[in-house]
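What follows is coords.cif (mmCIF, C-alpha atoms).
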data_protein
loop_
_atom_site.label_atom_id
_atom_site.label_comp_id
_atom_site.auth_asym_id
_atom_site.auth_seq_id
_atom_site.Cartn_x
_atom_site.Cartn_y
_atom_site.Cartn_z
CA MET D 1 42.20 -1.62 12.42
CA LEU D 2 42.05 -0.23 8.88
CA ALA D 3 45.20 -1.99 7.71
CA GLY D 4 43.40 -5.00 6.20
CA TRP D 5 39.99 -6.11 5.09
CA PRO D 6 37.79 -6.48 8.21
CA VAL D 7 36.16 -9.80 7.20
CA ARG D 8 38.30 -12.68 8.45
CA THR D 9 38.12 -16.28 7.27
CA PRO D 10 36.89 -18.67 9.98
CA PRO D 11 39.19 -21.57 10.89
CA GLY D 12 38.85 -24.53 8.55
CA ARG D 13 37.17 -22.54 5.75
CA GLN D 14 38.36 -21.32 2.37
CA PRO D 15 38.88 -17.55 2.15
CA LEU D 16 36.39 -15.50 0.21
CA PRO D 17 37.55 -14.89 -3.35
CA ARG D 18 39.36 -11.63 -4.03
CA GLN D 19 36.34 -10.17 -5.84
CA ALA D 20 34.35 -10.56 -2.58
CA ARG D 21 36.75 -8.42 -0.54
CA ILE D 22 35.34 -5.13 -1.72
CA LEU D 23 32.59 -2.71 -0.77
CA LYS D 24 30.15 -1.48 -3.42
CA ALA D 25 28.25 1.82 -3.43
CA LEU D 26 24.72 1.62 -4.81
CA ASN D 27 21.88 4.03 -5.37
CA ARG D 28 18.42 3.42 -3.93
CA ASP D 29 17.09 1.61 -7.00
CA GLN D 30 20.12 -0.69 -7.26
CA MET D 31 19.88 -1.61 -3.56
CA TYR D 32 16.15 -2.20 -3.83
CA ALA D 33 16.70 -4.45 -6.86
CA LEU D 34 19.06 -6.62 -4.78
CA TYR D 35 16.41 -6.94 -2.06
CA GLU D 36 13.83 -7.87 -4.70
CA GLU D 37 16.17 -10.52 -6.13
CA ALA D 38 16.80 -12.02 -2.68
CA GLY D 39 13.07 -12.22 -2.04
CA ARG D 40 12.25 -13.58 -5.50
CA ARG D 41 14.93 -16.28 -5.24
CA ARG D 42 14.00 -17.02 -1.61
CA LEU D 43 17.57 -16.75 -0.43
CA GLY D 44 16.39 -16.24 3.13
CA MET D 45 17.92 -12.84 3.83
CA GLY D 46 16.19 -9.73 2.62
CA SER D 47 12.96 -8.98 0.88
CA ALA D 48 11.63 -5.85 -0.72
CA SER D 49 8.51 -3.79 -0.21
CA PRO D 50 7.41 -0.44 -1.65
CA GLU D 51 7.54 0.96 1.91
CA PHE D 52 11.16 -0.10 2.30
CA ARG D 53 12.14 1.50 -1.00
CA ALA D 54 10.31 4.71 -0.12
CA HIS D 55 12.20 5.00 3.15
CA LEU D 56 15.66 4.59 1.60
CA ASP D 57 17.31 7.97 1.03
CA PRO D 58 17.24 8.56 -2.74
CA ASN D 59 20.07 11.10 -2.64
CA THR D 60 22.87 9.23 -0.87
CA PRO D 61 24.75 6.03 -1.63
CA HIS D 62 24.00 2.80 0.18
CA TYR D 63 26.78 0.25 0.69
CA LEU D 64 27.12 -3.51 0.40
CA PHE D 65 29.96 -5.98 1.02
CA PRO D 66 30.22 -9.74 1.68
CA ASP D 67 30.42 -10.35 5.44
CA PRO D 68 29.17 -13.89 6.08
CA ALA D 69 28.69 -15.28 9.55
CA ASN D 70 30.67 -18.47 10.18
CA TYR D 71 27.53 -20.60 9.74
CA TYR D 72 26.69 -18.88 6.41
CA TRP D 73 30.20 -19.05 4.99
CA PRO D 74 29.82 -19.80 1.26
CA ASP D 75 29.84 -23.51 0.40
CA LYS D 76 27.65 -26.02 -1.44
CA ASP D 77 24.80 -25.44 1.06
CA HIS D 78 25.11 -21.64 0.85
CA PRO D 79 25.99 -20.73 -2.75
CA TRP D 80 25.13 -17.06 -2.11
CA TRP D 81 27.11 -14.48 -0.17
CA GLU D 82 25.73 -13.08 3.04
CA CYS D 83 26.39 -9.37 2.66
CA ARG D 84 26.25 -6.55 5.15
CA VAL D 85 24.44 -3.41 4.07
CA LEU D 86 24.92 0.12 5.31
CA LEU D 87 21.80 2.11 4.49
CA ARG D 88 20.85 5.77 4.87
CA MET D 89 17.15 6.20 5.52
CA ALA D 90 15.03 9.11 4.31
CA ASP D 91 15.01 10.62 7.82
CA GLY D 92 18.85 10.70 7.79
CA GLU D 93 19.45 7.76 10.11
CA GLN D 94 22.11 5.23 9.17
CA ILE D 95 21.31 1.55 9.76
CA THR D 96 22.83 -1.83 9.01
CA GLY D 97 21.50 -5.21 8.01
CA THR D 98 22.22 -8.36 6.05
CA LEU D 99 21.25 -9.38 2.55
CA ALA D 100 21.87 -12.55 0.55
CA VAL D 101 23.43 -11.80 -2.85
CA LEU D 102 24.50 -14.20 -5.57
CA PRO D 103 28.24 -13.98 -6.31
CA GLU D 104 27.68 -13.20 -10.00
CA THR D 105 25.26 -10.40 -9.10
CA PHE D 106 27.72 -8.89 -6.63
CA THR D 107 30.74 -9.04 -8.94
CA ALA D 108 28.76 -7.42 -11.78
CA LEU D 109 28.19 -4.29 -9.67
CA PRO D 110 30.65 -1.46 -10.30
CA SER D 111 33.16 -0.50 -7.64
CA THR D 112 33.87 3.21 -7.33
CA VAL D 113 34.76 3.63 -3.66
CA PRO D 114 38.43 4.31 -2.80
CA VAL D 115 40.04 1.44 -0.86
CA ILE D 116 40.62 3.27 2.44
CA ARG D 117 37.03 4.57 2.40
CA GLN D 118 35.80 1.01 1.75
CA ARG D 119 37.54 -0.16 4.90
CA ARG D 120 36.18 2.70 6.99
CA LEU D 121 32.63 2.12 5.77
CA ALA D 122 32.91 -1.65 6.35
CA VAL D 123 34.08 -1.08 9.94
CA THR D 124 31.24 1.42 10.47
CA ALA D 125 28.67 -1.06 9.16
CA ARG D 126 30.02 -3.83 11.38
CA MET D 127 29.93 -1.59 14.47
CA LEU D 128 26.37 -0.31 14.04
CA GLU D 129 23.74 -2.08 16.09
CA ARG D 130 20.69 -0.34 14.69
CA ASP D 131 19.00 -2.39 11.97
CA TYR D 132 15.85 -1.99 9.88
CA TYR D 133 13.62 -3.65 12.48
CA LEU D 134 14.71 -1.27 15.26
CA TRP D 135 14.59 1.73 12.95
CA SER D 136 11.07 0.92 11.68
CA ARG D 137 9.79 0.21 15.18
CA ASP D 138 10.82 3.68 16.33
CA HIS D 139 10.04 5.44 13.06
CA THR D 140 6.41 4.37 12.72
CA GLU D 141 5.08 7.02 15.13
CA ASP D 142 6.57 9.91 13.15
CA CYS D 143 6.03 8.53 9.67
CA SER D 144 3.74 10.38 7.28
CA PRO D 145 3.62 11.20 3.59
CA GLN D 146 4.70 14.76 4.44
CA ARG D 147 7.72 13.65 6.49
CA CYS D 148 8.92 10.60 4.56
CA GLY D 149 6.95 10.61 1.35
CA TYR D 150 5.27 7.38 2.33
CA PRO D 151 2.79 6.39 5.05
CA ALA D 152 3.93 4.19 7.92
CA GLU D 153 3.80 0.44 7.47
CA PRO D 154 0.80 -0.98 9.30
CA THR D 155 1.65 -2.74 12.54
CA ALA D 156 -0.04 -5.98 13.46
#

Now that the file is in, can you turn its structure into structure tokens?
Amino acid sequence: MLAGWPVRTPPGRQPLPRQARILKALNRDQMYALYEEAGRRRLGMGSASPEFRAHLDPNTPHYLFPDPANYYWPDKDHPWWECRVLLRMADGEQITGTLAVLPETFTALPSTVPVIRQRRLAVTARMLERDYYLWSRDHTEDCSPQRCGYPAEPTA
């Protein structure tokens, strides 16, 4: 399973460029900046809030790699890359999600993760089912400034 990159090209599509077959490690501020950019550019996947930033663990890396669904495979209609994120929350839980990132933004990020670790982390991110919605739904009851450093997001 770890012999090759886990993202496969769908039939009839062009493979992702080589610079897209890599996992990047980011700190909390870098990850939050990508969410802000996605929201600002209205890419459709990901948006930032102060609550989200406050709940990201500031002391551990967060990970990002292109992992587009077949219907979001990059083309003229989707000039951004659908990326999978692997996030560590302030309460220690690890979650996954998706985020739209422009190719030039992604390639400008440094890559410092050894190749075999990249593959392991990518497989972990793809296997996780728990996302931000599920995490926040369950987390709201226990959230407080003392526990997380930020009050719970109001529920409607």

_Quick check, in Å to one decimal: how far apart do CA of Pro103 in chain D and CA of Asp67 in chain D lie?_
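Atom-to-atom, CA of Pro103 in chain D and CA of Asp67 in chain D are spaced 12.5 Å apart.
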
_Please report the interatomic distance between CA of Met127 in chain D and CA of Gly97 in chain D in Å with one decimal._
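Separation between CA of Met127 in chain D and CA of Gly97 in chain D: 11.2 Å.
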
_Of the listed residues D:Tyr63, D:Phe52, D:Trp135, D:Tyr32, that which approaches Gln118 in chain D most closely, counting all atoms listed in the file_ =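 Selected residue with least distance to Gln118 in chain D: D:Tyr63.
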
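Put simply, CA of Val7 in chain D is 22.0 Å away from CA of Arg88 in chain D.
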
_Selected residue of minimal separation from Ala122 in chain D among D:Ile22, D:Asp57, D:Pro10, D:Ala108, counting all atoms listed in the file_ =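 Of the candidates, the smallest distance to Ala122 in chain D is held by D:Ile22.
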
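Residues matched by the PyMOL selection byres ((chain D and resi 87) around 7) in this file: His62, Tyr63, Val85, Leu86, Arg88, Met89, Gln94, Ile95 and Thr96 of chain D.
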
Write the residues you've just listed into a file as a PDB file, keeping the file's coordinate frame, and include C-alpha atoms for each of them.
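The result, written out as out-v7.pdb:
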ATOM      1  CA  HIS D  62      24.000   2.800   0.180  1.00  0.00           C
ATOM      2  CA  TYR D  63      26.780   0.250   0.690  1.00  0.00           C
ATOM      3  CA  VAL D  85      24.440  -3.410   4.070  1.00  0.00           C
ATOM      4  CA  LEU D  86      24.920   0.120   5.310  1.00  0.00           C
ATOM      5  CA  ARG D  88      20.850   5.770   4.870  1.00  0.00           C
ATOM      6  CA  MET D  89      17.150   6.200   5.520  1.00  0.00           C
ATOM      7  CA  GLN D  94      22.110   5.230   9.170  1.00  0.00           C
ATOM      8  CA  ILE D  95      21.310   1.550   9.760  1.00  0.00           C
ATOM      9  CA  THR D  96      22.830  -1.830   9.010  1.00  0.00           C
TER      10      THR D  96
END

*Point out the residue among D:Ala100, D:Leu23, D:Arg41, D:Glu93 with the least atom-to-atom distance to Arg130 in chain D, counting only C-alpha atoms.*
D:Glu93

*Please provide the set of residues having any atom within 10 Å of Gln14 in chain D, restricted to all atoms listed in the file, with same-chain residues fewer than 3 positions apart removed, written as a list in words.*
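Returned residues: Thr9, Pro10, Pro11, Pro17, Trp73, Pro74 and Asp75 of chain D.
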
*Out of D:Ser136, D:Ser49, D:Thr107, D:Asn27, which residue has the shortest atom-to-atom distance to Phe65 in chain D when counting all atoms listed in the file?*
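Answer, going by the shortest atom-to-atom distance: D:Thr107.
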
*Pick from D:Leu16, D:Arg137, D:Ser47, D:Lys24: nearest to Trp81 in chain D, with all atoms listed in the file counted?*
D:Leu16

*Residue with smallest distance to Tyr72 in chain D - pool D:Pro114, D:Arg13, D:Thr105, D:Tyr35, counting only C-alpha atoms*: D:Arg13

*For this file, the PyMOL selection byres ((chain D and resi 43) around 12) selects which residues, as a list of chain:residue names?*
D:Leu34, D:Tyr35, D:Glu36, D:Glu37, D:Ala38, D:Gly39, D:Arg40, D:Arg41, D:Arg42, D:Gly44, D:Met45, D:Gly46, D:Ser47, D:Tyr72, D:Asp77, D:His78, D:Pro79, D:Trp80, D:Trp81, D:Glu82, D:Cys83, D:Thr98, D:Leu99, D:Ala100, D:Val101, D:Leu102

Dump as a compact mmCIF listing (two decimals), in the frame of the given file, selection limited to C-alpha atoms:
# COMPACT_ATOMS: atom_id res chain seq x y z
CA LEU D 34 19.06 -6.62 -4.78
CA TYR D 35 16.41 -6.94 -2.06
CA GLU D 36 13.83 -7.87 -4.70
CA GLU D 37 16.17 -10.52 -6.13
CA ALA D 38 16.80 -12.02 -2.68
CA GLY D 39 13.07 -12.22 -2.04
CA ARG D 40 12.25 -13.58 -5.50
CA ARG D 41 14.93 -16.28 -5.24
CA ARG D 42 14.00 -17.02 -1.61
CA GLY D 44 16.39 -16.24 3.13
CA MET D 45 17.92 -12.84 3.83
CA GLY D 46 16.19 -9.73 2.62
CA SER D 47 12.96 -8.98 0.88
CA TYR D 72 26.69 -18.88 6.41
CA ASP D 77 24.80 -25.44 1.06
CA HIS D 78 25.11 -21.64 0.85
CA PRO D 79 25.99 -20.73 -2.75
CA TRP D 80 25.13 -17.06 -2.11
CA TRP D 81 27.11 -14.48 -0.17
CA GLU D 82 25.73 -13.08 3.04
CA CYS D 83 26.39 -9.37 2.66
CA THR D 98 22.22 -8.36 6.05
CA LEU D 99 21.25 -9.38 2.55
CA ALA D 100 21.87 -12.55 0.55
CA VAL D 101 23.43 -11.80 -2.85
CA LEU D 102 24.50 -14.20 -5.57

Can you sort out the box for range 14-24 of chain D, edges along x, y and z, all listed atoms in, 5 Å on every side, with centre and edge lengths in Å to one decimal, as JSON?
{"center_x": 34.8, "center_y": -11.4, "center_z": -1.7, "size_x": 19.2, "size_y": 29.8, "size_z": 18.2}

With N, CA and C atoms as the goal, would you fill in the gaps in range 80-112 of chain D and present it as an mmCIF file, in the coordinates of the input?
data_model
loop_
_atom_site.group_PDB
_atom_site.id
_atom_site.type_symbol
_atom_site.label_atom_id
_atom_site.label_comp_id
_atom_site.auth_asym_id
_atom_site.auth_seq_id
_atom_site.Cartn_x
_atom_site.Cartn_y
_atom_site.Cartn_z
ATOM 1 N N TRP D 80 25.214 -18.518 -2.064
ATOM 2 C CA TRP D 80 25.130 -17.060 -2.110
ATOM 3 C C TRP D 80 26.055 -16.476 -1.054
ATOM 4 N N TRP D 81 26.277 -15.175 -1.149
ATOM 5 C CA TRP D 81 27.110 -14.480 -0.170
ATOM 6 C C TRP D 81 26.216 -13.698 0.774
ATOM 7 N N GLU D 82 26.403 -13.918 2.056
ATOM 8 C CA GLU D 82 25.730 -13.080 3.040
ATOM 9 C C GLU D 82 26.477 -11.747 3.051
ATOM 10 N N CYS D 83 25.769 -10.690 2.728
ATOM 11 C CA CYS D 83 26.390 -9.370 2.660
ATOM 12 C C CYS D 83 25.842 -8.475 3.768
ATOM 13 N N ARG D 84 26.676 -7.584 4.209
ATOM 14 C CA ARG D 84 26.250 -6.550 5.150
ATOM 15 C C ARG D 84 25.912 -5.321 4.327
ATOM 16 N N VAL D 85 24.832 -4.653 4.717
ATOM 17 C CA VAL D 85 24.440 -3.410 4.070
ATOM 18 C C VAL D 85 24.569 -2.269 5.061
ATOM 19 N N LEU D 86 24.891 -1.118 4.547
ATOM 20 C CA LEU D 86 24.920 0.120 5.310
ATOM 21 C C LEU D 86 24.002 1.065 4.550
ATOM 22 N N LEU D 87 22.852 1.360 5.164
ATOM 23 C CA LEU D 87 21.800 2.110 4.490
ATOM 24 C C LEU D 87 21.592 3.467 5.153
ATOM 25 N N ARG D 88 21.253 4.461 4.359
ATOM 26 C CA ARG D 88 20.850 5.770 4.870
ATOM 27 C C ARG D 88 19.351 5.884 4.599
ATOM 28 N N MET D 89 18.599 6.113 5.659
ATOM 29 C CA MET D 89 17.150 6.200 5.520
ATOM 30 C C MET D 89 16.749 7.634 5.189
ATOM 31 N N ALA D 90 15.512 7.797 4.738
ATOM 32 C CA ALA D 90 15.030 9.110 4.310
ATOM 33 C C ALA D 90 15.053 10.134 5.450
ATOM 34 N N ASP D 91 14.967 9.678 6.690
ATOM 35 C CA ASP D 91 15.010 10.620 7.820
ATOM 36 C C ASP D 91 16.448 10.935 8.249
ATOM 37 N N GLY D 92 17.442 10.413 7.517
ATOM 38 C CA GLY D 92 18.850 10.700 7.790
ATOM 39 C C GLY D 92 19.549 9.676 8.652
ATOM 40 N N GLU D 93 18.817 8.753 9.250
ATOM 41 C CA GLU D 93 19.450 7.760 10.110
ATOM 42 C C GLU D 93 20.193 6.712 9.287
ATOM 43 N N GLN D 94 21.318 6.267 9.819
ATOM 44 C CA GLN D 94 22.110 5.230 9.170
ATOM 45 C C GLN D 94 21.875 3.919 9.910
ATOM 46 N N ILE D 95 21.580 2.855 9.159
ATOM 47 C CA ILE D 95 21.310 1.550 9.760
ATOM 48 C C ILE D 95 22.100 0.477 9.020
ATOM 49 N N THR D 96 22.141 -0.701 9.617
ATOM 50 C CA THR D 96 22.830 -1.830 9.010
ATOM 51 C C THR D 96 21.865 -2.998 8.871
ATOM 52 N N GLY D 97 22.298 -4.016 8.176
ATOM 53 C CA GLY D 97 21.500 -5.210 8.010
ATOM 54 C C GLY D 97 22.266 -6.229 7.196
ATOM 55 N N THR D 98 21.610 -7.339 6.881
ATOM 56 C CA THR D 98 22.220 -8.360 6.050
ATOM 57 C C THR D 98 21.326 -8.644 4.848
ATOM 58 N N LEU D 99 21.949 -9.103 3.794
ATOM 59 C CA LEU D 99 21.250 -9.380 2.550
ATOM 60 C C LEU D 99 21.990 -10.482 1.821
ATOM 61 N N ALA D 100 21.269 -11.480 1.333
ATOM 62 C CA ALA D 100 21.870 -12.550 0.550
ATOM 63 C C ALA D 100 21.971 -12.099 -0.910
ATOM 64 N N VAL D 101 23.181 -12.229 -1.471
ATOM 65 C CA VAL D 101 23.430 -11.800 -2.850
ATOM 66 C C VAL D 101 24.190 -12.905 -3.567
ATOM 67 N N LEU D 102 23.780 -13.203 -4.782
ATOM 68 C CA LEU D 102 24.500 -14.200 -5.570
ATOM 69 C C LEU D 102 25.858 -13.627 -5.976
ATOM 70 N N PRO D 103 26.900 -14.462 -5.970
ATOM 71 C CA PRO D 103 28.240 -13.980 -6.310
ATOM 72 C C PRO D 103 28.301 -13.266 -7.668
ATOM 73 N N GLU D 104 27.630 -13.826 -8.674
ATOM 74 C CA GLU D 104 27.680 -13.200 -10.000
ATOM 75 C C GLU D 104 26.970 -11.847 -10.020
ATOM 76 N N THR D 105 25.943 -11.695 -9.209
ATOM 77 C CA THR D 105 25.260 -10.400 -9.100
ATOM 78 C C THR D 105 26.183 -9.380 -8.439
ATOM 79 N N PHE D 106 26.833 -9.804 -7.352
ATOM 80 C CA PHE D 106 27.720 -8.890 -6.630
ATOM 81 C C PHE D 106 28.894 -8.453 -7.504
ATOM 82 N N THR D 107 29.551 -9.393 -8.155
ATOM 83 C CA THR D 107 30.740 -9.040 -8.940
ATOM 84 C C THR D 107 30.399 -8.173 -10.152
ATOM 85 N N ALA D 108 29.162 -8.243 -10.648
ATOM 86 C CA ALA D 108 28.760 -7.420 -11.780
ATOM 87 C C ALA D 108 28.541 -5.952 -11.395
ATOM 88 N N LEU D 109 28.391 -5.668 -10.111
ATOM 89 C CA LEU D 109 28.190 -4.290 -9.670
ATOM 90 C C LEU D 109 29.490 -3.511 -9.781
ATOM 91 N N PRO D 110 29.418 -2.253 -10.197
ATOM 92 C CA PRO D 110 30.650 -1.460 -10.300
ATOM 93 C C PRO D 110 31.204 -1.111 -8.924
ATOM 94 N N SER D 111 32.496 -0.900 -8.879
ATOM 95 C CA SER D 111 33.160 -0.500 -7.640
ATOM 96 C C SER D 111 33.820 0.854 -7.864
ATOM 97 N N THR D 112 33.359 1.852 -7.132
ATOM 98 C CA THR D 112 33.870 3.210 -7.330
ATOM 99 C C THR D 112 34.368 3.839 -6.037
#
